[in-house]
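A.B. asks: Supplied in structure tokens, the structure appears directly below.
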Amino acid sequence: MRSLDPDLLRTFMAVAEAPSFADAGQRLNKTQSTVSVQMRRLEEILQVPLFQKRGRKNELTTAGQELLDYAVRIVRLNDEAVGRFLRPAMSGRIRIGCPDDYAESYLPEIFGRFSRSFPTVEVSLECQSSDALLRLVDEGELDIALVTLVKPNNRARVVYREQLQWVAGTCCDAEKQSPLPLAVWQPGCGWRTLTMQALDGAGIPYRIAYSGTNAAALSMVVRQGLAVATMPLCMAGAGFRTLGRADGLPPLPSFDIGLVRGSDDNPIVEAFYDHVVECFDRLEPVAA
């Protein structure tokens with residue numbers, strides 16, 4: 001039976017995400033000809049076309065889209081298996097900080113990968129505002145934190161960029177009220193700062209109707225039509241509708257998600273740091 005080389009699948013995944021073979025090659029430190037040869041080899045193994053020309057771009061065929069799902073799983077399992085035996089066994093505890101709203105959106109994959117690689121490490125999670133988390137890292141109460149960056153921070157590594165979006169419940173028109181009722185996170189949240197700056201800059205009157213640190217509770221308030229809120233577009237799911245200029249609301253900026261760690265040289269923290277970076281690298285970036 002024929003087998004799929006993980007190296008071929010890594011190249012295939014890079015090509016699927018990049019606008020061209022040349023761009024994929026740059027990401028992988030391979031020449032365009034090497035990438036082309038590897039993709040032809042993959043098509044020969046599977047005996048189906050994986051790409052089709054659309055203008056100057058190579059787009060995935062139906063078979064290519066199907067293979068991409070398998071490729072992601074195969075490469076992930078390959079890396080976990082190799083890591084399980086080549087990495088030194090680690091045990092201990094890591095203290096992680098993350099805003100409540102990020103916990104549900106980003107941590108499941110990160111924690112899942114980390115747990116499979118280091119099953120004996122205890123993970124302690126603290127959910128607070130980004131400002132509070134930065135302070136806890138400084139004070140040595142947290143080993144590492146995922147935070148919202150409203151302005152550049154030379155201590156943080158930017159791992160992702162998100163677009164902020166106005167949202168309201170599907171069954172209400174809270175955006176028509178004046179002053180505008182807002183559901184926001186407590187002071188110290190980057191989204192709160194950006195939201196109020198946008199309204200102040202546009203001269204739109206508003207009032208803080210609800211504030212808190214629990215994402216589920218604030219989302220409930222918005223779904224019930226009691227206020228409008230801002231959140232990343234990827235989090236505006238069922239029960240929400242997005243708002244914009246047509247609704248009289250100002251444009252909102254994108255923001256960076258950063259990773260901050262303490263000064264201790266801890267191999268567990270280093271391993272978790274790498275897992276976070278790898279997981280965000282797989283996400284499609286949002287244009288600024």
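Here's how to read the names in the structure tokens: chain A, B, ... by the order shown, residue numbers from 1 in each chain, ligand numbers from 1 in the order shown.
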Per DSSP on the backbone, filter segment 88-223 of chain A down to the residues in helix (DSSP H, G or I) and report them as a compact mmCIF listing (two decimals) with C-alpha atoms, in the first residue's frame.

C.D. replies:
```
# COMPACT_ATOMS: atom_id res chain seq x y z
CA ASP A 100 -12.24 34.96 29.56
CA ASP A 101 -13.36 35.54 25.97
CA TYR A 102 -10.19 33.99 24.55
CA ALA A 103 -10.49 30.87 26.70
CA GLU A 104 -13.38 29.40 24.74
CA SER A 105 -12.18 30.50 21.31
CA TYR A 106 -8.48 29.68 21.34
CA LEU A 107 -7.54 27.51 24.30
CA PRO A 108 -9.28 24.22 23.40
CA GLU A 109 -6.87 23.41 20.56
CA ILE A 110 -3.86 24.77 22.44
CA PHE A 111 -4.64 22.82 25.61
CA GLY A 112 -5.49 19.69 23.63
CA ARG A 113 -2.16 19.66 21.79
CA PHE A 114 -0.21 20.47 24.93
CA SER A 115 -1.95 17.76 26.97
CA ARG A 116 -1.26 15.11 24.34
CA SER A 117 2.44 16.04 24.30
CA SER A 130 -5.23 41.85 29.91
CA ASP A 131 -3.90 44.61 32.17
CA ALA A 132 -4.37 42.42 35.25
CA LEU A 133 -2.69 39.46 33.54
CA LEU A 134 0.34 41.54 32.58
CA ARG A 135 0.66 42.65 36.19
CA LEU A 136 0.41 39.06 37.44
CA VAL A 137 3.18 37.98 35.06
CA ASP A 138 5.36 40.87 36.33
CA ALA A 174 -30.47 48.44 20.64
CA GLU A 175 -28.18 50.38 18.29
CA LYS A 176 -31.01 52.90 17.69
CA GLY A 190 -8.32 46.35 25.41
CA TRP A 191 -11.62 45.96 23.57
CA ARG A 192 -13.31 48.33 26.02
CA THR A 193 -10.63 50.95 25.40
CA LEU A 194 -10.87 50.68 21.61
CA THR A 195 -14.68 50.77 21.70
CA MET A 196 -14.88 53.92 23.80
CA GLN A 197 -12.15 55.62 21.76
CA ALA A 198 -14.10 54.94 18.55
CA LEU A 199 -17.35 56.36 19.98
CA ASP A 200 -15.63 59.38 21.52
CA GLY A 201 -13.88 60.10 18.22
CA ALA A 202 -17.19 59.96 16.34
CA ALA A 215 -17.88 36.41 28.25
CA ALA A 216 -20.96 34.18 28.41
CA ALA A 217 -22.86 36.64 30.62
CA LEU A 218 -22.06 39.66 28.43
CA SER A 219 -22.97 37.72 25.29
CA MET A 220 -26.33 36.84 26.87
CA VAL A 221 -27.01 40.53 27.53
CA VAL A 222 -26.38 41.37 23.88
CA ARG A 223 -28.45 38.45 22.55
```

A.B. asks: Would you kindly return, as a compact mmCIF listing (two decimals) with N, CA, C and O atoms, in the first residue's frame, each protein, DNA or RNA residue with an atom no farther than 10 Å from any atom of Gln38 of chain A, considering only C-alpha atoms and excluding same-chain residues fewer than 6 positions away?

C.D. replies:
```txt
# COMPACT_ATOMS: atom_id res chain seq x y z
N ASP A 7 6.41 15.07 5.03
CA ASP A 7 7.07 16.24 4.43
C ASP A 7 6.30 16.72 3.21
O ASP A 7 6.15 17.93 2.98
N LEU A 8 5.79 15.78 2.39
CA LEU A 8 4.96 16.16 1.25
C LEU A 8 3.69 16.85 1.72
O LEU A 8 3.24 17.83 1.12
N LEU A 9 3.12 16.34 2.80
CA LEU A 9 1.87 16.92 3.31
C LEU A 9 2.10 18.30 3.90
O LEU A 9 1.25 19.19 3.78
N THR A 11 4.32 20.45 2.82
CA THR A 11 4.42 21.32 1.66
C THR A 11 3.05 21.57 1.07
O THR A 11 2.71 22.70 0.71
N PHE A 12 2.23 20.54 0.98
CA PHE A 12 0.87 20.67 0.46
C PHE A 12 0.06 21.66 1.31
O PHE A 12 -0.66 22.51 0.77
N GLN A 32 10.86 27.12 -5.62
CA GLN A 32 9.58 26.89 -6.26
C GLN A 32 9.58 25.57 -7.02
O GLN A 32 8.58 24.84 -7.02
N GLU A 44 0.81 12.00 -8.06
CA GLU A 44 1.10 10.67 -8.60
C GLU A 44 0.75 9.58 -7.59
O GLU A 44 0.21 8.53 -7.96
```

A.B. asks: Between A:Leu259, A:Pro267, A:Phe21, A:Pro205, which residue has the minimum interatomic distance to Asn154 of chain A, considering only C-alpha atoms?

C.D. replies: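 Looking only at the distances to Asn154 of chain A, the closest residue turns out to be A:Leu259.
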
A.B. asks: Could you tell me which of A:Gly188, A:Gly225, A:Pro250, A:Gly258 comes closest to Gly203 of chain A if we count only C-alpha atoms?

C.D. replies: A:Pro250

A.B. asks: Identify which of the residues A:Lys57, A:Asp274, A:Tyr70, A:Gly64 lies closest to Glu43 of chain A, counting only C-alpha atoms when measuring atom-to-atom distances.

C.D. replies: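 Nearest to Glu43 of chain A: A:Gly64.
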
A.B. asks: If we count only C-alpha atoms, what is near Arg241 of chain A at a cut-off of 10 Å, once residues fewer than 6 positions away on the same chain are taken out, given as a VMD selection string?

C.D. replies: chain A and resid 166 to 172 223

A.B. asks: Set the distance at 10 Å and use only C-alpha atoms: which residues neighbour Asp5 of chain A once local chain neighbours fewer than 2 positions away are removed? I'd like the list as a list of chain:residue names.

C.D. replies: A:Arg2, A:Ser3, A:Asp7, A:Leu8, A:Leu9, A:Arg10, A:Leu42, A:Ala71, A:Ile74, A:Val75

A.B. asks: Could those selected residues go to a file with all heavy atoms, as an mmCIF file, in the first residue's frame?

C.D. replies:
```
data_model
loop_
_atom_site.group_PDB
_atom_site.id
_atom_site.type_symbol
_atom_site.label_atom_id
_atom_site.label_comp_id
_atom_site.auth_asym_id
_atom_site.auth_seq_id
_atom_site.Cartn_x
_atom_site.Cartn_y
_atom_site.Cartn_z
ATOM 1 N N ARG A 2 0.486 2.232 -0.781
ATOM 2 C CA ARG A 2 1.244 3.477 -0.836
ATOM 3 C C ARG A 2 1.057 4.253 0.465
ATOM 4 O O ARG A 2 0.030 4.153 1.129
ATOM 5 C CB ARG A 2 0.774 4.326 -2.008
ATOM 6 C CG ARG A 2 0.949 3.619 -3.353
ATOM 7 C CD ARG A 2 0.604 4.533 -4.497
ATOM 8 N NE ARG A 2 0.761 3.858 -5.777
ATOM 9 C CZ ARG A 2 0.716 4.467 -6.953
ATOM 10 N NH1 ARG A 2 0.504 5.770 -7.000
ATOM 11 N NH2 ARG A 2 0.879 3.792 -8.070
ATOM 12 N N SER A 3 2.059 5.072 0.803
ATOM 13 C CA SER A 3 1.991 5.861 2.032
ATOM 14 C C SER A 3 2.252 7.327 1.707
ATOM 15 O O SER A 3 2.826 7.665 0.665
ATOM 16 C CB SER A 3 3.008 5.363 3.063
ATOM 17 O OG SER A 3 4.321 5.469 2.543
ATOM 18 N N ASP A 7 6.412 15.073 5.027
ATOM 19 C CA ASP A 7 7.069 16.239 4.431
ATOM 20 C C ASP A 7 6.301 16.721 3.206
ATOM 21 O O ASP A 7 6.153 17.926 2.984
ATOM 22 C CB ASP A 7 8.506 15.896 4.048
ATOM 23 C CG ASP A 7 9.249 17.112 3.497
ATOM 24 O OD1 ASP A 7 9.272 18.150 4.194
ATOM 25 O OD2 ASP A 7 9.776 17.041 2.377
ATOM 26 N N LEU A 8 5.791 15.777 2.392
ATOM 27 C CA LEU A 8 4.963 16.157 1.246
ATOM 28 C C LEU A 8 3.694 16.851 1.722
ATOM 29 O O LEU A 8 3.243 17.830 1.115
ATOM 30 C CB LEU A 8 4.607 14.926 0.414
ATOM 31 C CG LEU A 8 5.735 14.206 -0.317
ATOM 32 C CD1 LEU A 8 5.167 13.039 -1.120
ATOM 33 C CD2 LEU A 8 6.479 15.162 -1.239
ATOM 34 N N LEU A 9 3.116 16.336 2.795
ATOM 35 C CA LEU A 9 1.874 16.918 3.311
ATOM 36 C C LEU A 9 2.103 18.300 3.898
ATOM 37 O O LEU A 9 1.251 19.187 3.779
ATOM 38 C CB LEU A 9 1.262 15.981 4.357
ATOM 39 C CG LEU A 9 0.801 14.630 3.827
ATOM 40 C CD1 LEU A 9 0.242 13.778 4.961
ATOM 41 C CD2 LEU A 9 -0.248 14.807 2.730
ATOM 42 N N ARG A 10 3.261 18.515 4.535
ATOM 43 C CA ARG A 10 3.572 19.855 5.046
ATOM 44 C C ARG A 10 3.654 20.857 3.893
ATOM 45 O O ARG A 10 3.155 21.983 3.985
ATOM 46 C CB ARG A 10 4.901 19.841 5.799
ATOM 47 C CG ARG A 10 4.877 19.164 7.136
ATOM 48 C CD ARG A 10 6.235 19.296 7.809
ATOM 49 N NE ARG A 10 6.449 18.231 8.755
ATOM 50 C CZ ARG A 10 5.957 18.212 9.987
ATOM 51 N NH1 ARG A 10 5.213 19.210 10.389
ATOM 52 N NH2 ARG A 10 6.197 17.201 10.797
ATOM 53 N N LEU A 42 2.942 14.052 -5.056
ATOM 54 C CA LEU A 42 1.752 13.768 -4.259
ATOM 55 C C LEU A 42 0.571 13.388 -5.154
ATOM 56 O O LEU A 42 -0.199 12.467 -4.835
ATOM 57 C CB LEU A 42 1.411 14.998 -3.416
ATOM 58 C CG LEU A 42 0.459 14.817 -2.234
ATOM 59 C CD1 LEU A 42 0.932 13.722 -1.280
ATOM 60 C CD2 LEU A 42 0.314 16.137 -1.478
ATOM 61 N N ALA A 71 -4.451 15.847 5.718
ATOM 62 C CA ALA A 71 -3.070 16.295 5.897
ATOM 63 C C ALA A 71 -2.875 16.947 7.257
ATOM 64 O O ALA A 71 -1.888 16.677 7.952
ATOM 65 C CB ALA A 71 -2.692 17.273 4.785
ATOM 66 N N ILE A 74 -2.881 14.160 9.869
ATOM 67 C CA ILE A 74 -1.720 13.276 9.781
ATOM 68 C C ILE A 74 -0.473 13.975 10.313
ATOM 69 O O ILE A 74 0.298 13.404 11.090
ATOM 70 C CB ILE A 74 -1.503 12.804 8.327
ATOM 71 C CG1 ILE A 74 -2.630 11.857 7.911
ATOM 72 C CG2 ILE A 74 -0.148 12.112 8.178
ATOM 73 C CD1 ILE A 74 -2.630 11.534 6.423
ATOM 74 N N VAL A 75 -0.254 15.222 9.890
ATOM 75 C CA VAL A 75 0.922 15.969 10.341
ATOM 76 C C VAL A 75 0.863 16.206 11.840
ATOM 77 O O VAL A 75 1.862 16.089 12.550
ATOM 78 C CB VAL A 75 1.040 17.299 9.569
ATOM 79 C CG1 VAL A 75 2.107 18.186 10.188
ATOM 80 C CG2 VAL A 75 1.367 17.036 8.104
#
```

A.B. asks: Work out how far apart atom CA of Ala236 of chain A and atom CA of Arg95 of chain A are and give it in Å to one decimal.

C.D. replies: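 Distance between the two atoms: 28.8 Å.
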
A.B. asks: Can you pull out every residue from segment 2-135 of chain A that DSSP, working from the backbone, puts in strand (DSSP E or B), and format the result as a PyMOL selection string?

C.D. replies: chain A and resi 51-54+57-60+92-97+121-126

A.B. asks: Using only C-alpha atoms, find the one residue out of A:Met235, A:Ala156, A:Val150, A:Ile268 that sits nearest to Val123 of chain A.

C.D. replies: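 Of the candidates, the smallest distance to Val123 of chain A is held by A:Ile268.
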
A.B. asks: To one decimal place in Å, what is the distance between atom CA of Pro179 of chain A and atom CA of Gly239 of chain A?

C.D. replies: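 Between atom CA of Pro179 of chain A and atom CA of Gly239 of chain A the gap works out to 23.1 Å.
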
A.B. asks: At what distance in Å, to one decimal, does atom CA of Ala145 of chain A lie from atom CA of Gln186 of chain A?

C.D. replies: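 Rounded to one decimal, the two atoms are 17.9 Å apart.
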